[in-house]
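Participant: Just dropping this structure here.
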Amino acid sequence: MVNLTIDNRQVTAPRNATIYEAAKINGIHIPILCHDNKLKPFGACRMCLVEVEQMKGRQIPACTTPVTEGMIVTTSTPDIIKARKLVLELLLLNHPLDCPVCDKGGDCDLQNLSYDYKISSNRFHDQKFQHKIDYNNPLIERDMNRCILCGKCVRICDEIVSFGALTFIGRGIETKIGCEFDEALNCEFCGSCVSVCPVGALLARPFKFKARFWAMEKKRSICGYCGTGCNLTLGVKEGKVLTTVYDENQGFHRGQLCVRGRFGYQFINNEKRLKKPLIRKNGALVECGWDEALQLAASKIRNGSETAAIATPRLTNEEFFLFRKLMKGIGSENFDHAAGYAHKALTSGFARSLGSAASTAMVNDIQKSDMLLVIKTDSYETHPVIGFEINIAVKDKGVKLNIVSDKNGKLGKLPGARTFVHLPGSETLLINALCSSVIKQKLVSSTAASLPDFKEYAKGIEAFSPEKAASLCGISPEEINSLAADFASSKKAMILFPTGVAYPGHDSELATALANLAILAGKVEGEGCGLLCLPEKNNSQGAVDTGFYPTGKGLDALSVFDAIEDGRIKTLFLAGENPVVSYPDEARIKRALEKLDFLVLTTLFPTETAEYADLVLPASSYAEKEGTFTSAGGHVQYFAPVIPKAGDSRTDFEIISSLIKLTGGEAASNPSEIFAEIASTLDGYAGMTYENLGENGAFTAVKTRPALILPQTQAPALRKPEEFSLVTGALLYHNGTLSQFGEGPMHVSPESYAEISRKDASRLGIKENDTITLTSDSGSMQLAARVSLRIPEGVVFIPNHFSANPVNAIWSGKPVTPVALSR
Amino acid sequence: MSEKDGIKILICQGTGGISMGAKDVEAAFVRHLAEKGVDAVIGKRCDIIKTGCRGLCANDVLVDIITPEQGRVTYDFVKPEEVEKIIDEHLVKKETIEKRKAKPYYNQFVNAQMRVVMTGCGQIDPESLNAYLEEDGFKAIEKCIRGMKPDEVIEEVKKSGLRGRGGGGFPTGTKWSFCKASPGNHKYLICNADEGDPGAFMDRSLLEGDPFCIIEGMMIAAYAIGCDFGYVYVRAEYPLAVQRLQHAIDICYEKNYLGKNIQGWGFDFDMRIKMGAGAFVCGEETALMASIEGFRGMSRPRPPFPAVRGLWGKPTNINNVETFANVRHIINRGADWYASLGTDTTKGTKIFAVTGKVKHTGLVEVPAGMKIREVIYDVCGGIANNRKFKAVQAGGPSGGCIPAEILDTPVDYDSLIKAGAMMGSGGLVVMDETTCMVDVSRFFLNFTRMESCGKCVPCRIGLKVMLDILERITEGRGEPSDIETLKDLGIAIKKSSLCGLGQTAPNPILSTINYFRDEYEAHINDKRCPSNCCKELLLWQVVVDKCVKCGACKKACPVDAIVWEKGEIAYLDKEKCTKCKSCYDACRFMAIE
Ligand SMILES: Cc1cc2nc3c(=O)[nH]c(=O)nc-3n(C[C@H](O)[C@H](O)[C@H](O)COP(=O)(O)O)c2cc1C
Ligand code: SF4
Ligand code: SF4
Ligand code: SF4
Ligand code: SF4
Ligand code: SF4
Ligand code: SF4
Ligand code: FES
Ligand code: FES
């Protein structure tokens with residue numbers, strides 16, 4: 001700690017604090033405009049100038065100057081006030097000052113500071129700026145006339161987002177912020193720049209003229225898309241969510257969001273939301289009352305042995321817990337989520353290898369680690385804000401980054417990052433080879449060596465020596481050895497890998513292989529160490545924790561469809577899931593749904609699956625309900641409703657609760673009681689209550705019991721030379737199929753495509769946007785081609801989000817689907 | 001260089017020389033010497049040596065011929081077609097062509113100087129390692145490595161009193177000791193050769209004329225501090241400097257004066273040239289480092305200082321070209337010798353680039369502390385065109401002016417600051433009575449505000465506001481409060497700007513207000529430009545009692561607005577006049593107002 005004097009007060013501050021931080025800690029306010037505690041010191045605006053006794057004659061920027069022992073600081077002298085007023089006068093000189101029509105009004109630092117410093121007139125006169133406003137993209141309006149050149153947008157896009165879309169252009173008074181070559185903005189559209197802009201120079205276009213800032217209520221919530229668990233503040237007026245509001249103090253991510261969280265909120269108030277229950281009469285879905293609907297549903301599911309339920313991992317923990325009760329109550333063991341396989345890495349892989357179906361690392365370990373081993377560069381796209389954490393770790397904290405992936409991607413462009421591009425589907429094999437190499441290089445930790453199953457495991461894994469694995473995974477033995485050594489000899493290292501319906505290869509075997517690697521290297525637990533599974537949806541981890549998956553003789557999600565076809569299952573209860581689009585092999589799903597006696601569906605929207613339903617129940621979105629989500633790394637967070645329920649919709653909690661009653665069961669009728677039950681039955685949640693979760697949430701307790709188990713590993717089927725390996729995956733702009741109802745994501749990523757390598761494209765004479773035909777064993781489809789540098793030869797990548805032209809027309813659900821490709 | 005044996009023909013091939021045709025002159029010498037078989041005729045070898053700039057580029061192509069009989073004779077303005085005659089008469093007949101010899105002022109220009117840093121410049125072949133070695137090249141670094149501990153080298157430099165020549169005048173030895181004290185096993189050394197100050201070209205001349213001495217200076221610094229890698233940041237507009245330096249670096253690598261285990265002395269040093277982005281602000285050390293890192297040249301806050309967190313976050317020492325050029329002389333001749341030159345607070349010599357209204361513009365190296373009057377009158381021959389001296393702008397576009405009253409100010413860091421100017425990179429712009437001080441301020445400010453990197457508010461917008469006010473004043477729309485507003489703004493901008501550019505840009509205005517307030521007042525109150533310089537304020541008439549009826553104005557006027565007959569006083573027809581100022585410039589008698 002350092003002792004100093006600020007405004008005649010003796011204060012202390014941490015050694016590397018700036019004057020601004022020292023003042024803030026001690027409750028002394030210094031005005032700022034260009035400073036942001038997430039970004040590196042910049043010192044551009046000169047609003048934070050103070051006087052320092054030891055540096056007389058100059059005015060010292062508080063935001064960049066570190067404190068030193070004995071420093072004597074005065075934060076506002078007449079001279080300093082004068083300097084700040086001058087800064088404001090100068091900034092306002094060419095500024096349009098069109099506050100009445102500026103969406104930033106009321107939330108604008110320039111406006112507020114001008115008010116604070118009473119800048120009611122300007123000694124100087126000049127023309128207003130005449131920059132053209134950039135309306136070239138649908139999400140972000142760039143009005144450089146209002147820009148005060150604080151550089152925050154440039155810095156956040158570079159330092160945290162690591163995209164680098166923006167830059168300073170020009171010199172002197174002509175300086176402005178632009179994209180390279182002054183072109184229109186075309187970027188990730190994460191909106192980080194909009195969030196940090198202190199003025200109305202960068203604005204969210206979907207929010208334009210929607211509401212004055214002060215007229216909105218700002219309400220906390222949790223993002224309902226991916227498993228990162230970002231906190232949100234929603235701007236609400238008249239029962240509608242109108243925007244997301246930046247709160248730099250919120251969450252581990254300090255208010256940062258990705259394009260989905262930032263611009264994808266519109267699905268909540270989407271026109272297409274279902275408002276009334278629909279019942280199929282004479283072949284058509286017609287509106288009906290809730291009583292009728294629930295009675296019918298209850299009567300149909302009552303015969304539990306012929307009933308199955310599949311839920312989306314977007315339900316709350318309370319809903320899953322209740323749902324499980326319902327199913328048990330009616331005597332059905334057939335309940336599952338996430339296509340039945342996307343959770344296996346946790347429920348089977350981690351469960352057997354680590355002793356519990358949970359990650360051993362948390363998101364905040366990322367920046368504390370020495371080395372990250374990321375499986376699939378797609379981790380950035382699946383969990384973008386975790387991607388930001390990786391960016392910061394690598395660029396700021398010097399954390400090493402190694403990526404094992406079937407394609408290249410953004411993460412691999414980070415400084416010093418190495419990407420090992422393996423043959424599609426060979427990830428488990430490659431990880432086995434790394435394990436074998438760790439043993440060969442004698443880098444095994446003592447705890448691993450003393451495990452009872454070590455000897456047997458070590459013998460079994462010999463079959464995967466780097467030399468043997470090399471040709472099967474496409475990575476040389478030298479590279480495998482060097483990566484293995486790098487991982488094992490780093491003091492701290494952690495493994496990250498995404499799971500989800502689009503990543504069937506990320507299964508129990510891969511999870512076990514990864515667990516083995518961590519166990520062998522002694523990196524299972526501890527700060528900056530461990531395994532972090534990045535589950536696809538906002539409550540994928542919660543669905544696992546609450547046990548909403550089959551055990552014993554219960555059918556898993558895909559087996560349910562088999563059982564429907566052979567008549568064992570007659571009634572299906574789908575909660576939020578849209579398997580017609582998102583599950584493998586569309587034709588087979590449709591066949592089964594057609595065969596069902598009764599399909600009841602809770603859903604926000606009239607989806608493709610609803611077309612097969614006999615009863616459609618309008619569900620409420622997360623913004624309309626209360627509950628908890630558990631995100632990657634076991635972060636349990638509470639959220640309250642921010643708006644009234646859409647139309648006559650009901651929460652899944654209410655629906656399930658009614659069904660329990662109607663089927664003769666009993667259950668608590670509000671989420672907080674159910675959460676109390678969760679806390680008292682699930683070890684990991686012990687002691688949690690809504691009250692003590694508070695704003696920061698809590699982490700589930702994880703007990704580990706490492707075991708070395710030889711994964712069942714199949715070498716990927718070698719494709720025939722003329723065939724392509726189809727792999728699916730997530731896009732940055734989407735999560736599942738839900739984001740299709742958020743206008744923002746659809747503005748920038750409206751439709752599917754097939755991405756192929758440049759080499760293949762030129763060999764086949766395919767150009768960008770050409771229509772190509774893809775055929776697999778299960779079907780055929782046409783898509784626009786996208787030619788890219790990141791895809792290896794022989795691979796075709798298709799995103800799995802789109803209802804129009806869905807990839808499951810040809811996708812088998814195996815890690816790799818062989819397809820024929822023609823023009 | 002011994003002047004006894006052999007015959008040496010030194011042809012200036014600095015940028016100035018080359019632009020005046022030095023290559024053709026050299027070719028002519030080569031051709032004629034060969035054709036005439038001069039070596040055989042006179043029984044001696046004639047060596048043609050291309051040298052760097054010697055400071056009086058206005059007189060290029062400069063050719064020195066050194067023979068045992070005639071000693072050193074300098075010919076100036078040499079044209080290729082004269083070469084044959086020079087060979088015939090000077091070399092063969094051994095008769096100096098008196099008429100073509102450089103005029104006495106050339107020798108005065110040279111002799112009134114004191115050349116330490118520029119000794120090699122203009123004398124040796126900058127492309128020859130041997131020539132450098134003959135001049136004790138790399139003796140200083142050898143002496144350091146073999147006989148001195150790094151700390152002793154720093155001590156020696158401290159003792160010499162050397163201060164940075166890049167403008168700030170920070171004591172060089174102290175700067176080195178800071179960087180040495182910074183923890184880290186990887187440190188960078190940077191030579192700042194951005195030289196963005198318009199009119200200054202001493203760094204360019206040093207790089208062009210004596211590149212090995214910069215390399216050696218950097219090696220000594222690197223040894224003292226513990227740097228293993230050096231960058232020379234040269235502005236892209238200096239192609240010849242880049243070429244010569246690159247050539248020198250290549251030779252040094254080839255001959256193991258750079259690279260690993262240099263000369264077996266157990267010292268490693270690598271260096272590379274980095275071409276600048278052509279912005280003035282890139283000379284500022286933090287902007288320069290940003291530029292090397294591949295970012296836009298934009299200044300960064302200090303602290304952290306480069307010595308702590310510099311290039312790519314590593315401890316970095318940055319010095320100016322001329323600073324490095326001093327180092328080997330300090331080591332070779334000793335700190336005491338060096339400290340004996342100059343004044344109490346400014347040791348050694350300083351190179352100035354004198355431009356403007358003096359008779360002989362050019363580069364001059366003088367001992368620190370010489371009076372400005374001596375520089376202007378004794379070295380540079382005084383004011384051109386018999387006009388009256390008004391002021392000299394010292395320190396480049398962000399320096400200040402020194403009026404006639406204090407012309408005896410010595411050129412050292414502290415005296416210049418006290419006078420409201422600064423040493424800067426060593427630019428001296430001399431102004432005479434026809435120069436309007438308001439207009440000059442406007443000119444300099446226009447430069448700095450265009451070069452502002454645009455990062456911080458006071459500099460980006462404040463300078464523009466000041467410029468607007470100055471423009472108004474020179475156009476006759478000034479208001480009485482303007483002077484105070486300018487002062488107020490100027491002081492505020494100096495105090496609150498982020499980097500040296502903004503912190504100094506108001507200097508010309510503040511210093512001209514200080515010394516020439518009456519000129520501002522005349523513009524504002526009387527709408528009159530006392531120097532008859534601001535176009536909008538000229539009366540556009542002939543002053544009858546000053547006119548000597550010479551008619552120069554009539555010849556100069558492109559639109560026939562001057563009525564003049566031989567023996568008559570000229571008359572200016574305002575109807576036709578387009579205010580181009582040609583007549584004003586043409587009149588040597590200040591008869592147009
Ligand atoms: C706007 C600006 C421009 C500068 N340009 C140069 C330059 O062209 N060359 C230079 O050596 N120093 C320049 N400097 C000074 C450098 O920042 C730095 O102080 C200097 O290179 C240090 O070297 P020295 O200690 O040898 O003087 C400039 C400073 C400012 C503020
Ligand atoms: S940016 Fe701020 S000051 Fe400017 S118009 Fe908008 S609200 Fe007003
Ligand atoms: S939206 Fe995101 S990616 Fe695009 S410019 Fe802004 S910060 Fe960069
Ligand atoms: S656009 Fe906004 S964030 Fe970017 S520099 Fe301008 S004011 Fe700052
Ligand atoms: S989609 Fe995921 S990463 Fe993006 S804001 Fe929501 S929770 Fe965060
Ligand atoms: S003072 Fe001028 S040049 Fe320096 S950082 Fe500020 S704007 Fe840029
Ligand atoms: S040039 Fe000057 S002196 Fe000569 S005629 Fe014109 S006004 Fe008279
Ligand atoms: S807040 Fe410190 S300079 Fe902008
Ligand atoms: S270049 Fe010839 S004297 Fe300067």
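Going through the structure tokens in order, the chains are called A, B, and so on, while each chain numbers its residues from 1 and the ligands are numbered from 1 in the order shown.
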Using only C-alpha atoms, which chain A residues lie at most 7 Å away from chain B, written as a PyMOL selection string?
Facilitator: chain A and resi 42-46+58-59+64-65+83+87+90+171-173+175
Participant: With all heavy atoms retained, write the just-selected residues as a CSV table (one decimal), in the first residue's frame.
Facilitator:
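Wrote out.csv, looks like this:
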```csv
chain,number,residue,atom,x,y,z
A,42,PHE,N,-5.2,5.6,-21.1
A,42,PHE,CA,-5.1,6.3,-22.4
A,42,PHE,C,-4.8,7.8,-22.3
A,42,PHE,O,-4.0,8.3,-23.0
A,42,PHE,CB,-6.5,6.0,-23.1
A,42,PHE,CG,-6.5,6.3,-24.6
A,42,PHE,CD1,-5.6,5.6,-25.4
A,42,PHE,CD2,-7.3,7.2,-25.1
A,42,PHE,CE1,-5.6,5.8,-26.8
A,42,PHE,CE2,-7.3,7.5,-26.5
A,42,PHE,CZ,-6.5,6.7,-27.3
A,43,GLY,N,-5.6,8.4,-21.4
A,43,GLY,CA,-5.2,9.8,-21.1
A,43,GLY,C,-5.5,10.8,-22.2
A,43,GLY,O,-4.7,11.8,-22.4
A,44,ALA,N,-6.6,10.7,-22.9
A,44,ALA,CA,-6.9,11.5,-24.0
A,44,ALA,C,-7.7,12.8,-23.7
A,44,ALA,O,-7.4,13.8,-24.2
A,44,ALA,CB,-7.6,10.7,-25.1
A,45,CYS,N,-8.7,12.6,-22.8
A,45,CYS,CA,-9.7,13.7,-22.7
A,45,CYS,C,-9.2,14.9,-21.9
A,45,CYS,O,-9.6,16.0,-22.1
A,45,CYS,CB,-11.0,13.2,-22.3
A,45,CYS,SG,-11.0,12.7,-20.5
A,46,ARG,N,-8.4,14.6,-20.9
A,46,ARG,CA,-7.9,15.6,-20.0
A,46,ARG,C,-9.0,16.2,-19.0
A,46,ARG,O,-8.8,17.3,-18.5
A,46,ARG,CB,-7.1,16.8,-20.7
A,46,ARG,CG,-6.3,16.3,-21.9
A,46,ARG,CD,-5.3,15.2,-21.6
A,46,ARG,NE,-4.1,15.6,-20.9
A,46,ARG,CZ,-3.2,14.7,-20.6
A,46,ARG,NH1,-3.3,13.5,-20.8
A,46,ARG,NH2,-2.1,15.1,-20.0
A,58,ARG,N,2.6,21.5,-14.1
A,58,ARG,CA,1.8,20.7,-15.1
A,58,ARG,C,0.5,20.3,-14.4
A,58,ARG,O,0.5,20.2,-13.2
A,58,ARG,CB,2.6,19.5,-15.6
A,58,ARG,CG,3.6,19.9,-16.6
A,58,ARG,CD,4.2,18.6,-17.3
A,58,ARG,NE,4.8,17.7,-16.3
A,58,ARG,CZ,4.7,16.4,-16.3
A,58,ARG,NH1,3.9,15.8,-17.3
A,58,ARG,NH2,5.2,15.7,-15.4
A,59,GLN,N,-0.4,20.0,-15.3
A,59,GLN,CA,-1.6,19.4,-14.7
A,59,GLN,C,-1.6,17.9,-15.0
A,59,GLN,O,-1.2,17.5,-16.1
A,59,GLN,CB,-2.9,20.1,-15.3
A,59,GLN,CG,-2.9,21.5,-14.9
A,59,GLN,CD,-3.9,22.4,-15.7
A,59,GLN,OE1,-4.2,22.0,-16.8
A,59,GLN,NE2,-4.3,23.5,-15.1
A,64,THR,N,-4.1,8.1,-15.6
A,64,THR,CA,-3.0,7.4,-16.1
A,64,THR,C,-1.8,7.4,-15.1
A,64,THR,O,-0.8,6.7,-15.3
A,64,THR,CB,-2.5,8.0,-17.4
A,64,THR,OG1,-2.0,9.3,-17.2
A,64,THR,CG2,-3.6,8.0,-18.5
A,65,THR,N,-1.8,8.3,-14.2
A,65,THR,CA,-0.7,8.5,-13.3
A,65,THR,C,-0.7,7.7,-12.1
A,65,THR,O,-1.7,7.8,-11.3
A,65,THR,CB,-0.5,10.0,-12.9
A,65,THR,OG1,-0.7,10.8,-14.1
A,65,THR,CG2,0.8,10.3,-12.3
A,83,ALA,N,-9.4,24.4,-16.3
A,83,ALA,CA,-8.9,23.4,-17.4
A,83,ALA,C,-10.0,22.5,-17.8
A,83,ALA,O,-10.2,22.2,-19.0
A,83,ALA,CB,-7.7,22.7,-16.9
A,87,VAL,N,-11.8,22.1,-21.5
A,87,VAL,CA,-12.0,20.8,-22.2
A,87,VAL,C,-13.4,20.7,-22.7
A,87,VAL,O,-13.7,20.4,-23.9
A,87,VAL,CB,-11.6,19.6,-21.4
A,87,VAL,CG1,-12.1,18.3,-21.9
A,87,VAL,CG2,-10.1,19.5,-21.1
A,90,LEU,N,-14.2,23.1,-25.5
A,90,LEU,CA,-13.6,22.7,-26.7
A,90,LEU,C,-14.3,21.5,-27.3
A,90,LEU,O,-14.6,21.5,-28.6
A,90,LEU,CB,-12.1,22.3,-26.5
A,90,LEU,CG,-11.2,23.5,-26.1
A,90,LEU,CD1,-9.8,23.0,-25.9
A,90,LEU,CD2,-11.2,24.6,-27.2
A,171,ARG,N,-5.4,13.4,-38.8
A,171,ARG,CA,-4.7,14.1,-37.8
A,171,ARG,C,-5.4,15.4,-37.4
A,171,ARG,O,-6.2,15.9,-38.1
A,171,ARG,CB,-3.3,14.4,-38.2
A,171,ARG,CG,-2.4,13.1,-38.2
A,171,ARG,CD,-0.9,13.5,-38.0
A,171,ARG,NE,-0.3,14.0,-39.2
A,171,ARG,CZ,0.4,13.3,-40.0
A,171,ARG,NH1,0.6,12.0,-39.8
A,171,ARG,NH2,0.9,13.8,-41.1
A,172,GLY,N,-5.0,16.0,-36.3
A,172,GLY,CA,-5.5,17.3,-35.9
A,172,GLY,C,-7.0,17.3,-35.7
A,172,GLY,O,-7.6,16.2,-35.4
A,173,ILE,N,-7.6,18.4,-36.0
A,173,ILE,CA,-9.0,18.5,-35.9
A,173,ILE,C,-9.8,17.6,-36.8
A,173,ILE,O,-10.9,17.2,-36.6
A,173,ILE,CB,-9.4,20.0,-36.1
A,173,ILE,CG1,-10.9,20.2,-35.6
A,173,ILE,CG2,-9.3,20.4,-37.5
A,173,ILE,CD1,-10.9,20.4,-34.1
A,175,THR,N,-9.2,14.5,-37.2
A,175,THR,CA,-9.1,13.1,-36.7
A,175,THR,C,-10.5,12.6,-36.5
A,175,THR,O,-11.4,13.3,-36.0
A,175,THR,CB,-8.4,13.1,-35.3
A,175,THR,OG1,-7.2,13.8,-35.5
A,175,THR,CG2,-8.1,11.7,-34.9
```
Participant: Please identify all protein, DNA and RNA residues within 10 Å of ligand 5, counting only C-alpha atoms and all ligand atoms, and report them as JSON, numbers by chain.
Facilitator: {"A": [190, 222, 223, 224, 225, 226, 227, 228, 229, 230, 231, 232, 253, 255, 256, 257, 258, 259, 260, 261, 262, 263, 264, 265, 380, 381, 382, 383, 384, 385, 386, 387, 388, 536, 537, 538, 631, 632, 732, 733, 734, 735, 739]}
Participant: Just want the 6 Å neighbourhood of region 413-427 of chain A, counted on only C-alpha atoms, with same-chain residues fewer than 6 positions away dropped. Output as an NGL selection string.
Facilitator: :A and (401-407 or 473-474 or 716 or 815-816)
Participant: Throw together the list of residues within 6 Å of ligand 3, counting only C-alpha atoms and all ligand atoms, and drop it here as number ranges by chain.
Facilitator: A: 157, 163, 165-166, 187-193
Participant: Write a file of the just-selected residues containing N, CA, C and O atoms, as a compact mmCIF listing (two decimals), in the first residue's frame.
Facilitator:
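Okay, part-v2.txt is ready:
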```
# COMPACT_ATOMS: atom_id res chain seq x y z
N CYS A 157 -12.49 -2.71 -28.80
CA CYS A 157 -12.56 -3.64 -29.93
C CYS A 157 -11.21 -4.33 -30.13
O CYS A 157 -11.16 -5.46 -30.57
N PHE A 163 -10.99 -7.77 -32.14
CA PHE A 163 -11.38 -7.77 -33.55
C PHE A 163 -10.64 -6.67 -34.29
O PHE A 163 -10.16 -6.87 -35.40
N ALA A 165 -11.82 -3.58 -35.36
CA ALA A 165 -12.56 -3.01 -36.49
C ALA A 165 -12.34 -1.52 -36.63
O ALA A 165 -12.46 -0.97 -37.71
N LEU A 166 -12.01 -0.86 -35.52
CA LEU A 166 -12.01 0.60 -35.52
C LEU A 166 -10.61 1.15 -35.34
O LEU A 166 -9.76 0.52 -34.72
N CYS A 187 -18.38 -6.12 -38.69
CA CYS A 187 -17.58 -6.72 -37.62
C CYS A 187 -18.36 -7.78 -36.89
O CYS A 187 -19.32 -8.33 -37.43
N GLU A 188 -18.00 -8.06 -35.67
CA GLU A 188 -18.71 -9.06 -34.87
C GLU A 188 -20.02 -8.55 -34.33
O GLU A 188 -20.83 -9.32 -33.84
N PHE A 189 -20.19 -7.26 -34.35
CA PHE A 189 -21.41 -6.64 -33.82
C PHE A 189 -21.72 -7.04 -32.38
O PHE A 189 -22.87 -7.29 -32.02
N CYS A 190 -20.67 -7.11 -31.61
CA CYS A 190 -20.86 -7.42 -30.19
C CYS A 190 -21.44 -6.23 -29.46
O CYS A 190 -21.96 -6.36 -28.36
N GLY A 191 -21.30 -5.05 -30.05
CA GLY A 191 -21.85 -3.86 -29.40
C GLY A 191 -21.01 -3.36 -28.25
O GLY A 191 -21.41 -2.42 -27.55
N SER A 192 -19.82 -3.93 -28.04
CA SER A 192 -18.99 -3.45 -26.94
C SER A 192 -18.67 -1.98 -27.10
O SER A 192 -18.64 -1.21 -26.14
N CYS A 193 -18.41 -1.59 -28.34
CA CYS A 193 -18.06 -0.20 -28.60
C CYS A 193 -19.23 0.71 -28.27
O CYS A 193 -19.06 1.79 -27.71
```
Participant: Please find the residues contacting ligand 4 at a distance of at most 8 Å between atoms, with only C-alpha atoms and all ligand atoms counted, and report them as a VMD selection string.
Facilitator: chain A and resid 34 142 to 144 146 to 154 176 to 177 193 to 194 196 to 202
Participant: For CA of Lys143 (chain B) and CA of Gly209 (chain B), determine how far apart the two atoms are, in Å to one decimal place.
Facilitator: 23.7 Å
Participant: Can you tell me which residues sit at most 12 Å away from ligand 7, counting only C-alpha atoms and all ligand atoms, written as a VMD selection string?
Facilitator: chain B and resid 540 to 557 561 to 572 581 to 593
Participant: Which residues of chain B have any atom within 12 Å of an atom in ligand 9 when counting only C-alpha atoms and all ligand atoms, and what is the closest pair of atoms for each, with the distance in Å to one decimal? Order the rows by chain and rising number and write it as a tab-separated table.
Facilitator:
```
residue	atom	partner	partner_atom_place_in_ligand_line	distance
B:Leu10	CA	ligand 9	2 (Fe)	10.8
B:Ile11	CA	ligand 9	2 (Fe)	8.4
B:Cys12	CA	ligand 9	2 (Fe)	4.8
B:Gln13	CA	ligand 9	1 (S)	6.0
B:Gly14	CA	ligand 9	1 (S)	3.6
B:Thr15	CA	ligand 9	1 (S)	4.9
B:Gly16	CA	ligand 9	1 (S)	3.5
B:Gly17	CA	ligand 9	2 (Fe)	4.1
B:Ile18	CA	ligand 9	1 (S)	7.1
B:Ser19	CA	ligand 9	1 (S)	8.3
B:Met20	CA	ligand 9	2 (Fe)	8.6
B:Gly21	CA	ligand 9	2 (Fe)	10.4
B:Ala22	CA	ligand 9	2 (Fe)	8.6
B:Lys23	CA	ligand 9	2 (Fe)	11.8
B:Lys50	CA	ligand 9	2 (Fe)	10.4
B:Thr51	CA	ligand 9	2 (Fe)	8.5
B:Gly52	CA	ligand 9	1 (S)	6.4
B:Cys53	CA	ligand 9	4 (Fe)	3.7
B:Arg54	CA	ligand 9	3 (S)	4.2
B:Gly55	CA	ligand 9	3 (S)	4.4
B:Leu56	CA	ligand 9	3 (S)	4.3
B:Cys57	CA	ligand 9	3 (S)	3.6
B:Ala58	CA	ligand 9	3 (S)	7.1
B:Asn59	CA	ligand 9	3 (S)	7.0
B:Asp60	CA	ligand 9	2 (Fe)	5.2
B:Val61	CA	ligand 9	2 (Fe)	6.3
B:Leu62	CA	ligand 9	2 (Fe)	6.2
B:Val63	CA	ligand 9	2 (Fe)	9.1
B:Asp64	CA	ligand 9	2 (Fe)	11.3
B:Thr74	CA	ligand 9	3 (S)	11.7
B:Tyr75	CA	ligand 9	3 (S)	11.9
B:Asp76	CA	ligand 9	3 (S)	9.7
B:Phe77	CA	ligand 9	2 (Fe)	10.1
B:Val78	CA	ligand 9	2 (Fe)	11.2
B:Tyr106	CA	ligand 9	3 (S)	11.0
B:Phe109	CA	ligand 9	3 (S)	11.8
B:Val110	CA	ligand 9	3 (S)	11.1
B:Met118	CA	ligand 9	4 (Fe)	11.6
B:Cys121	CA	ligand 9	4 (Fe)	9.6
B:Gly122	CA	ligand 9	3 (S)	7.5
B:Gln123	CA	ligand 9	3 (S)	11.0
B:Ala200	CA	ligand 9	4 (Fe)	11.8
B:Phe201	CA	ligand 9	4 (Fe)	9.1
B:Met202	CA	ligand 9	4 (Fe)	9.5
B:Asp203	CA	ligand 9	4 (Fe)	11.9
B:Arg204	CA	ligand 9	4 (Fe)	9.9
B:Ser205	CA	ligand 9	4 (Fe)	7.2
B:Leu206	CA	ligand 9	4 (Fe)	10.4
B:Leu207	CA	ligand 9	1 (S)	11.9
B:Glu208	CA	ligand 9	1 (S)	9.1
B:Gly209	CA	ligand 9	1 (S)	9.0
B:Leu240	CA	ligand 9	1 (S)	11.0
B:Ala241	CA	ligand 9	1 (S)	11.6
B:Ala353	CA	ligand 9	4 (Fe)	10.8
B:His360	CA	ligand 9	3 (S)	11.6
B:Thr361	CA	ligand 9	4 (Fe)	10.3
B:Gly362	CA	ligand 9	4 (Fe)	7.4
B:Leu363	CA	ligand 9	4 (Fe)	7.6
B:Val364	CA	ligand 9	4 (Fe)	10.6
```
Participant: Please provide as an MDAnalysis selection string all residues within 6 Å of region 228-232 of chain B, with the sequence filter that same-chain residues fewer than 5 positions apart are discarded (counting only C-alpha atoms).
Facilitator: chainID B and resid 188:191 269:274
Participant: Quick one: of A:Phe168, A:Leu615, A:Leu517, A:Tyr246, who's nearest to ligand 6, counting only C-alpha atoms and all ligand atoms?
Facilitator: A:Phe168
Participant: Ligand 1: which residues are within 9 Å, counting only C-alpha atoms and all ligand atoms, as a PyMOL selection string?
Facilitator: chain B and resi 163-172+175+190-197+203+235+279-288+299+317-324+398+424-425+448+451-452+499-505
